[in-house]
Amino acid sequence: MGRRVAVGLGLLLLIGLGVTASALTWSRSPRAPADSRDRDVLLLTYSNDPDTLNPLTANDNVSRAFQRQVYEPLAERNFADPDKWDRVLATSWEFDEKALTYLIHLRHGVKWHPIRLPDGRLLPETELTSLDVKFTFDVILNPNVEAASLRSYYEDPEAEDEAHRYKIKVDIVDKYTVKVQWTKPYFLSKDFTLDVNIIPRHVFSVDEHGEPIALNFALKEFADGFNQHWANTKMCGTGPMMYEEWIRDQRLVLVRNPDYWGEPFPFKRVVYRSIPNSNTATQKLLQGDLDFVGIPDKDQFIQEQDHPNVIPGHMVTVREGNSQWVKFVADSKDSPGFVKMVDFPYPGYRYIGYNLNRPIFKDVAFRRALGHAVPVQKIIDEVFKGLAERTTGPFELGSSAYNDKLQPLAFNLDEARKLLADAGWKDLDHDGVLDKKMGDIVIPARFDLMIYADAPSYRTVGEIIKEECRKIGIDVLVSPTKWALMLEKLNNRAFDAAMLGWGGVWRDDPFQLWHGSLADTPYSSNFISYRNPKVDKLIDKLRVTLDDKAQIPIYHEIHRLIYEDQPYTFLFADKQTGGYNARLEDVRFYRIRPCTDATQWRASRSRMR
């Protein structure tokens, strides 16, 4: 899962894939030695201030970047091998598959960071215990706490009454042992048991005067106090870095935790500077004033909650090609030894989705012909400057869920013409556009391709597709559409085809996109109305398969069946682009978010003298 999308899994709906420095956060690696100079500072940047720093209610990448080295989970997926798990606040755990129970053993002697009440009084030094773990889940499961996206993973849609609303129960065994029981098998239960940021009970259970908000954490009174809590503009965790200050529109500062249970963070301080303009941030990188910057061509961020049909932690960004990054690569050559420009895979993929309720798209041969008519490699090379990788299906490229035996459909207009002819498509009225008689109606091979209006690269791609399809008798009308109207059309199934993207995670739940039970559900992510009973059965089987290895062949078969159906023309997975100061060493990139791990970074020279 790789730390993390809104403290959980889930897909990101992407009009395009972009990156800011705030999105480039890091994993926690206690095994890494701290050999940087003791007074060194790491200089990063962020685009816009978040509304909150609360790790359970925040839904943006900036706050996650700030939180990353402050708050910790019980365990997390290993960056180099995400099918393995690294212990963080838990030293070990046992899972009883029959009882669906996790018995989790906590580290002893882990201290919460010091924090002051608004009146300046310091809260007592406190150790992490089972009370904090249970408190965290109690908060998530309070229906009035503003954590609906995360809470949805624990809700049981088949619950008969309110008492059985959630499929998880958390009990304290002793000071350092917690029991988490699931009432139903769920194949991602390990993720949502272990990889959740733990919050301090002694902080979030008291008001600004240090008095209890409510003795019952399930009450609305407690939720109201939690949602507006005084500590939501601060951070108090157990991680290697501690909150020092946050001045809106200026900076956020973290300082090394002297009492950290693991190896110290390699930099004494981390300073995030507020730089909304990505060009300005990149120029400061080239001048040596920042250490790491993500370099999009042009960013446009759309709030995650703006898309109601996507579950937790979804950010939409727009990336208009890669010409700007190419320019900065050239500029960096004028600053030898200053900056290293990089590109790296980023979780997610782009696609063209077809409304399968439209008669024209009910024909699988027609959809496969479209797959052969889209020159994906040309689009990668010419529009995205080679910064993308071909993909064939709905799972994360390079992950164990991805079926790498399937080859991308080749760009082949002759094959497309043959598929269409064999399926009965002919130019009946000699207007250059193929037709097919379906019942008593003649359907022309004509459709609207809806694209995001504010992304010039999408217009370019749309025109390329239009021209190639024209050559095989298909008339594509490219329809640039504003985001709000796109959402409305998707949610109401009032479109023919749409070019979009999903961001993904290492092991995804395909239910929300591909299960036929959601094909007609308003606001569901299955807005193309895909139905395949074989896929449904496999998804149902996958969701109750608890053995990680046994999940893999099920994933692969789901991938194969969707690939054969071609409800999407699967295009490619973007690579993200950025640059870092040449003083940094051991900068590596991984296929799970957030793609890089700053605990591995070292500095050949210090900024502080």
# chains A, B, ... in the order shown; residues from 1 in each chain; ligands from 1
$ select_by_dssp --residues "range 440-571 of chain A" --states "helix (DSSP H, G or I)" --output "VMD selection string"
chain A and resid 456 to 470 483 to 491 511 to 514 516 to 518 533 to 542 548 to 565
$ select_by_dssp --residues "range 397-461 of chain A" --states "strand (DSSP E or B)" --output "list in words"
Lys426, Asp435, Lys436, Lys437, Met438, Ile441, Val442, Ile443, Pro444, Arg446, Phe447, Asp448, Leu449, Met450, Ile451 and Tyr452 of chain A
$ residues_around --residues "Ile558 in chain A" --least-positions-apart "2" --cutoff "8 Å" --atoms "only C-alpha atoms" --output "JSON, numbers by chain"
{"A": [535, 538, 539, 554, 555, 556, 560, 561, 562]}
$ write_last_selection --atoms "N, CA and C atoms" --output "mmCIF file, in the first residue's frame"
data_model
loop_
_atom_site.group_PDB
_atom_site.id
_atom_site.type_symbol
_atom_site.label_atom_id
_atom_site.label_comp_id
_atom_site.auth_asym_id
_atom_site.auth_seq_id
_atom_site.Cartn_x
_atom_site.Cartn_y
_atom_site.Cartn_z
ATOM 1 N N VAL A 535 -16.532 -12.259 -13.972
ATOM 2 C CA VAL A 535 -15.734 -11.305 -13.196
ATOM 3 C C VAL A 535 -16.359 -11.092 -11.824
ATOM 4 N N LEU A 538 -15.456 -13.910 -9.529
ATOM 5 C CA LEU A 538 -14.047 -13.841 -9.118
ATOM 6 C C LEU A 538 -13.820 -12.724 -8.099
ATOM 7 N N ILE A 539 -14.476 -11.588 -8.302
ATOM 8 C CA ILE A 539 -14.344 -10.500 -7.333
ATOM 9 C C ILE A 539 -14.900 -10.932 -5.977
ATOM 10 N N ILE A 554 -6.299 -15.125 -8.683
ATOM 11 C CA ILE A 554 -7.644 -14.558 -8.859
ATOM 12 C C ILE A 554 -7.524 -13.182 -9.496
ATOM 13 N N TYR A 555 -6.610 -12.369 -8.994
ATOM 14 C CA TYR A 555 -6.342 -11.074 -9.618
ATOM 15 C C TYR A 555 -6.019 -11.242 -11.102
ATOM 16 N N HIS A 556 -5.138 -12.187 -11.396
ATOM 17 C CA HIS A 556 -4.688 -12.372 -12.778
ATOM 18 C C HIS A 556 -5.844 -12.774 -13.704
ATOM 19 N N ARG A 560 -7.365 -10.791 -16.873
ATOM 20 C CA ARG A 560 -7.461 -11.391 -18.208
ATOM 21 C C ARG A 560 -8.862 -11.202 -18.798
ATOM 22 N N LEU A 561 -9.882 -11.444 -17.997
ATOM 23 C CA LEU A 561 -11.253 -11.339 -18.501
ATOM 24 C C LEU A 561 -11.596 -9.897 -18.889
ATOM 25 N N ILE A 562 -11.164 -8.943 -18.086
ATOM 26 C CA ILE A 562 -11.423 -7.539 -18.415
ATOM 27 C C ILE A 562 -10.635 -7.144 -19.667
#
$ closest_residue --among "A:Asp343, A:Asp448, A:Asp597, A:Asp381" --to "Gln576 in chain A" --atoms "only C-alpha atoms"
A:Asp343
$ closest_residue --among "A:Ser529, A:Tyr346, A:Asp440, A:Gln512" --to "Tyr153 in chain A" --atoms "only C-alpha atoms"
A:Gln512
$ residues_around --residues "range 264-273 of chain A" --least-positions-apart "4" --cutoff "7 Å" --atoms "only C-alpha atoms" --output "list of chain:residue names"
A:Ala34, A:Asp35, A:Ser36, A:Asp38, A:Arg39, A:Asp40, A:Val41, A:Leu42, A:Leu43, A:Leu44, A:Thr45, A:Tyr46, A:Pro240, A:Gln250, A:Arg251, A:Leu252, A:Val253, A:Leu254, A:Val255, A:Arg256, A:Tyr260, A:Thr599, A:Arg602
$ residues_around --residues "Ala573 in chain A" --least-positions-apart "3" --cutoff "12 Å" --atoms "only C-alpha atoms" --output "ChimeraX atom specification"
/A:14,16-18,344-351,376-377,380,384,386-398,500-504,570,576,591
$ residues_around --residues "range 473-475 of chain A" --least-positions-apart "3" --cutoff "8 Å" --atoms "only C-alpha atoms" --output "ChimeraX atom specification"
/A:427,432-434,445-447,466,469-470
